[in-house]
Every structure is written in structure tokens, then in C-alpha cells.
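Participant: Take this structure, written in C-alpha cells, and hold onto it; I'll ask about it next.
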There are 2 protein chains.
Amino acid sequence: MKRDVFQAIADPTRRAIIALIALQAMTPNAIAEHFDTSRQAVSKHLRILAECEVVRHEQQGREIYYSLEIDKMKEIDEWLEQYRKIWESRFEQLDTLLAELKQQEKQEKNI
Amino acid sequence: MKRDVFQAIADPTRRAIIALIALQAMTPNAIAEHFDTSRQAVSKHLRILAECEVVRHEQQGREIYYSLEIDKMKEIDEWLEQYRKIWESRFEQLDTLLAELKQQEKQEKNI
DNA sequence: GACATACGCAACCGTTTGGTTGCATACTTG
DNA sequence: CAAGTATGCAACCAAACGGTTGCGTATGTC
């Protein structure tokens, strides 16, 4: 069962988990306290996130600390790049359009 | 059944559809020709994409042209922003570290 | 008007998902 | 070593997903 980042971020609970551990590593129990679901449900989400390599874990005694693999987020950014190009070019087009309208207005004043 | 952009891009076929219609509007039939699945399956994906407002459609005679709602892609970009901040700050930290190492090396040469 | 084409919708089906409960395992502490 | 704590794993379940087939409907063409 090969999963990817896009499947990892598809679930709102998983996005919340990602946001939680983005700044500091946390244990499953600590994470589960932030949600209404059971610890096992959170554990399952963590397993999926680990499979997608969105999350890294490190054992410390009997606790396991989960932290975000920020590079995986970059993967989404790279995918978005192609669309960023589109909306930026459209913005430029809008910009040119506005400039043209301004120019037109100016000429109309000179009549 | 309320869906969001993240669910829209979770499926690889849907990402492919998005990529296809990003630059020019296309009909369901034309889109389906690019895939191994049936026209109806593509139609279902288009319906989901429309529900998420990732896609816009316009009737022209008996054909319906689907095009990308690029602003929805921006939504992903905005969500990513918080993580971009993290990896950029980490990059800066790495930058400082490298500068320090260089400085150290320089001093060692002066011994 | 008859026929072909483009499309959406509904019903159905096997698989995946997200959740639960129960249990096994490993570390910690008395 | 016994008790308690942190966690993963397996079994189960209802709902959603992604696909198919069949059919209805609207537009275009002869």
C-alpha cells in the first residue's frame, strides 16, 4: 500500500496533527489529548503519516516522539509550482490590462 | 457531503485532470480520452472537483467545457505558507551554521 | 422527425477509510 | 518482580470511494 503526501493531507484530523507537531515533537498521547477521538485513532493517523514519510518518530524510553518531516511539505510546494506560474502570469495580465485602461483614461482626458 | 480542496487533490486521476485543464478548458469526452477509465468515471471526478469548486464548467451547445478555478490552488498555497515559514527559517539557521563553520575554519588557518 | 452525439444520473459492487474495542508488548517505578 | 503507563497491532464495522453498466435527456445533423 503505497501512499503519498496528498493522501496524507487529505484528512482534516491529519492536517491538524501536522500543524500540532510542526513546531515541536509530541507523543501520541499528548497529540490525542487535542482531539475528540481515541488514542488508537490518532495512532492510526500517525502510522499513515509515517508511511507517507510526512512524519518521523524517535523512541525515548517508553515514549515515542513524532515530529514533522518538513521536506515532504516542500513536495507539495513543488507540485503547486506549475499552478503558481499560471496565477502569477494571470496577475501580470491583469496588471497589463489595468495599465492599458489607465492609459486609455488618460487619452480620453486629452480629447 | 462537504468536500474541500485537499480531498480534491488526493486522488492521482483528479490531479491529472487538473493538470490537463489547467491551460485550456476541455470537455469530459476529451479528458476521458487521456485515461484508461470510462467517461463516466471521469465525469464523477469532475463532479467532485466541481463540488470542491476547483473546477468551473460552461455549456456550449451540447458540449460542456471544464476549466480550472486557479484561485482554489491558491488556497493550498496559503495553507502551505505556515510550513514554508518553517523550512525557510531552518534554511536560514543552516546558513548561519555554515557561516560560522567558515569563520571557524578561517581562524584555524591563522594559528 | 429520426438518428447520432455529449453528457449527467442512479444503481450496483468490491475496496479503502476512519473509527472502535480488545489485547500484546515494552519500559518505568515501587 | 509486580503494577502502572505508553504504545502498537489485529479484528471488526459502517460509511465513503472509485469504478462499472444502464438509462434518460438535450443538442446537433440528416
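Following the order of the C-alpha cells, chains are lettered A, B, ..., residues in each are numbered from 1, and ligands are numbered from 1.
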Excluding same-chain residues fewer than 3 positions from range 36-46 of chain A, what lies within 12 Å of it counting only C-alpha atoms (C1' of nucleotides), as a ChimeraX atom specification?

Facilitator: /A:7-18,21,26-33,49-57,64-68 /C:17-22 /D:6-9

Participant: Kindly provide, as a VMD selection string, the residues of chain C having any atom no farther than 9 Å from an atom of chain B, counting only C-alpha atoms (C1' of nucleotides).

Facilitator: chain C and resid 5 to 8

Participant: Write out, as a CSV table (one decimal), in the first residue's frame, the residues just selected, with N, CA and C atoms (P, O5', C5', C4', C3', O3' and C1' of nucleotides).

Facilitator:
chain,number,residue,atom,x,y,z
C,5,DT,P,-22.2,9.0,-33.7
C,5,DT,O5',-22.2,10.2,-32.6
C,5,DT,C5',-22.2,11.5,-33.2
C,5,DT,C4',-22.4,12.5,-32.0
C,5,DT,C3',-21.4,12.2,-30.8
C,5,DT,O3',-20.7,13.3,-30.5
C,5,DT,C1',-23.6,12.5,-30.1
C,6,DA,P,-19.6,13.4,-29.5
C,6,DA,O5',-20.3,14.1,-28.2
C,6,DA,C5',-20.6,15.4,-28.3
C,6,DA,C4',-21.1,15.9,-26.9
C,6,DA,C3',-20.2,15.4,-25.8
C,6,DA,O3',-20.0,16.5,-24.9
C,6,DA,C1',-22.4,14.6,-25.4
C,7,DC,P,-19.0,16.3,-23.7
C,7,DC,O5',-20.0,15.9,-22.5
C,7,DC,C5',-21.0,16.8,-22.1
C,7,DC,C4',-22.0,16.1,-21.4
C,7,DC,C3',-21.6,15.5,-20.1
C,7,DC,O3',-21.6,16.5,-19.0
C,7,DC,C1',-23.4,14.4,-21.1
C,8,DG,P,-21.2,16.1,-17.5
C,8,DG,O5',-22.6,15.7,-16.9
C,8,DG,C5',-23.7,16.6,-16.9
C,8,DG,C4',-25.0,15.9,-16.3
C,8,DG,C3',-24.7,15.4,-14.9
C,8,DG,O3',-25.9,15.7,-14.1
C,8,DG,C1',-25.4,13.6,-16.3

Participant: So that I can see what lies close to DG4 in chain D, please list as JSON, numbers by chain the residues with an atom at most 12 Å from it, counting only C-alpha atoms (C1' of nucleotides) and leaving out residues fewer than 4 positions away in the same chain.

Facilitator: {"C": [27, 28, 29, 30]}

Participant: Store the residues picked out above, limited to N, CA and C atoms (P, O5', C5', C4', C3', O3' and C1' of nucleotides), as a compact mmCIF listing (two decimals), in the first residue's frame.

Facilitator:
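Below you can see again.txt, which holds the result:
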# COMPACT_ATOMS: atom_id res chain seq x y z
P DC C 27 12.09 -1.77 25.76
O5' DC C 27 12.10 -0.63 26.88
C5' DC C 27 11.57 0.64 26.55
C4' DC C 27 10.86 1.19 27.75
C3' DC C 27 11.75 1.40 28.99
O3' DC C 27 11.82 2.79 29.25
C1' DC C 27 9.62 0.48 29.54
P DT C 28 12.68 3.40 30.47
O5' DT C 28 11.64 3.42 31.67
C5' DT C 28 10.42 4.15 31.53
C4' DT C 28 9.74 4.28 32.89
C3' DT C 28 10.68 4.51 34.07
O3' DT C 28 10.09 5.49 34.89
C1' DT C 28 9.37 2.58 34.46
P DT C 29 10.87 6.21 36.10
O5' DT C 29 10.06 5.76 37.38
C5' DT C 29 8.64 5.61 37.32
C4' DT C 29 8.15 4.76 38.50
C3' DT C 29 9.00 4.88 39.77
O3' DT C 29 8.14 4.96 40.89
C1' DT C 29 8.77 2.63 39.18
P DG C 30 8.58 5.72 42.20
O5' DG C 30 8.19 4.73 43.38
C5' DG C 30 6.83 4.33 43.55
C4' DG C 30 6.77 2.91 44.10
C3' DG C 30 7.69 2.68 45.30
O3' DG C 30 6.95 2.80 46.53
C1' DG C 30 7.80 0.87 43.73

Participant: Mind listing the strand (DSSP E or B) residues of range 18-94 of chain A, per DSSP on the backbone, as a list of chain:residue names?

Facilitator: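 Restricting range 18-94 of chain A to strand (DSSP E or B) produces A:Met26, A:Val55, A:Arg56, A:His57, A:Glu58, A:Gln59, A:Gln60, A:Glu63, A:Ile64, A:Tyr65, A:Tyr66, A:Ser67, A:Leu68.
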
Participant: Output N, CA and C atoms of each residue in that selection to a file, as a PDB file, in the first residue's frame.

Facilitator:
ATOM      1  N   MET A  26       5.958  15.554  19.520  1.00  0.00           N
ATOM      2  CA  MET A  26       4.975  15.198  20.540  1.00  0.00           C
ATOM      3  C   MET A  26       4.739  13.689  20.570  1.00  0.00           C
ATOM      4  N   VAL A  55       6.062  12.202   8.530  1.00  0.00           N
ATOM      5  CA  VAL A  55       6.333  12.250   9.955  1.00  0.00           C
ATOM      6  C   VAL A  55       7.490  11.320  10.301  1.00  0.00           C
ATOM      7  N   ARG A  56       8.267  11.720  11.277  1.00  0.00           N
ATOM      8  CA  ARG A  56       9.422  10.959  11.740  1.00  0.00           C
ATOM      9  C   ARG A  56       9.166  10.618  13.199  1.00  0.00           C
ATOM     10  N   HIS A  57       9.635   9.481  13.686  1.00  0.00           N
ATOM     11  CA  HIS A  57       9.441   9.213  15.103  1.00  0.00           C
ATOM     12  C   HIS A  57      10.713   8.702  15.747  1.00  0.00           C
ATOM     13  N   GLU A  58      10.825   9.019  17.030  1.00  0.00           N
ATOM     14  CA  GLU A  58      12.041   8.717  17.771  1.00  0.00           C
ATOM     15  C   GLU A  58      11.645   8.211  19.152  1.00  0.00           C
ATOM     16  N   GLN A  59      12.122   7.031  19.465  1.00  0.00           N
ATOM     17  CA  GLN A  59      11.787   6.438  20.766  1.00  0.00           C
ATOM     18  C   GLN A  59      12.651   7.071  21.852  1.00  0.00           C
ATOM     19  N   GLN A  60      12.011   7.379  22.972  1.00  0.00           N
ATOM     20  CA  GLN A  60      12.754   7.913  24.127  1.00  0.00           C
ATOM     21  C   GLN A  60      12.162   7.251  25.350  1.00  0.00           C
ATOM     22  N   GLU A  63       8.333   6.361  25.678  1.00  0.00           N
ATOM     23  CA  GLU A  63       7.594   7.338  24.877  1.00  0.00           C
ATOM     24  C   GLU A  63       8.164   7.427  23.462  1.00  0.00           C
ATOM     25  N   ILE A  64       7.290   7.731  22.522  1.00  0.00           N
ATOM     26  CA  ILE A  64       7.729   7.897  21.135  1.00  0.00           C
ATOM     27  C   ILE A  64       7.373   9.313  20.693  1.00  0.00           C
ATOM     28  N   TYR A  65       8.374  10.064  20.298  1.00  0.00           N
ATOM     29  CA  TYR A  65       8.129  11.437  19.875  1.00  0.00           C
ATOM     30  C   TYR A  65       8.001  11.515  18.354  1.00  0.00           C
ATOM     31  N   TYR A  66       6.892  12.113  17.927  1.00  0.00           N
ATOM     32  CA  TYR A  66       6.632  12.283  16.499  1.00  0.00           C
ATOM     33  C   TYR A  66       6.903  13.731  16.110  1.00  0.00           C
ATOM     34  N   SER A  67       7.619  13.885  14.994  1.00  0.00           N
ATOM     35  CA  SER A  67       7.878  15.245  14.522  1.00  0.00           C
ATOM     36  C   SER A  67       7.687  15.314  13.002  1.00  0.00           C
ATOM     37  N   LEU A  68       7.516  16.521  12.519  1.00  0.00           N
ATOM     38  CA  LEU A  68       7.206  16.728  11.099  1.00  0.00           C
ATOM     39  C   LEU A  68       8.453  16.638  10.227  1.00  0.00           C
TER      40      LEU A  68
END

Participant: If we count only C-alpha atoms (C1' of nucleotides), what is near Lys74 in chain B at a cut-off of 9 Å, once residues fewer than 2 positions away on the same chain are taken out, given as a VMD selection string?

Facilitator: (chain A and resid 80 83 to 84 87) or (chain B and resid 70 to 72 76 to 79)

Participant: Could you pull out the residues in chain B that DSSP calls helix (DSSP H, G or I) from the backbone, as a PyMOL selection string?

Facilitator: chain B and resi 5-8+12-21+28-32+39-51+70-109

Participant: Contacts from chain D to chain B, 8 Å maximum, only C-alpha atoms (C1' of nucleotides): show me the residue list as a list in words.

Facilitator: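 Residues passing the distance filter: DG18, DG19, DA26, DT27 and DG28 of chain D.
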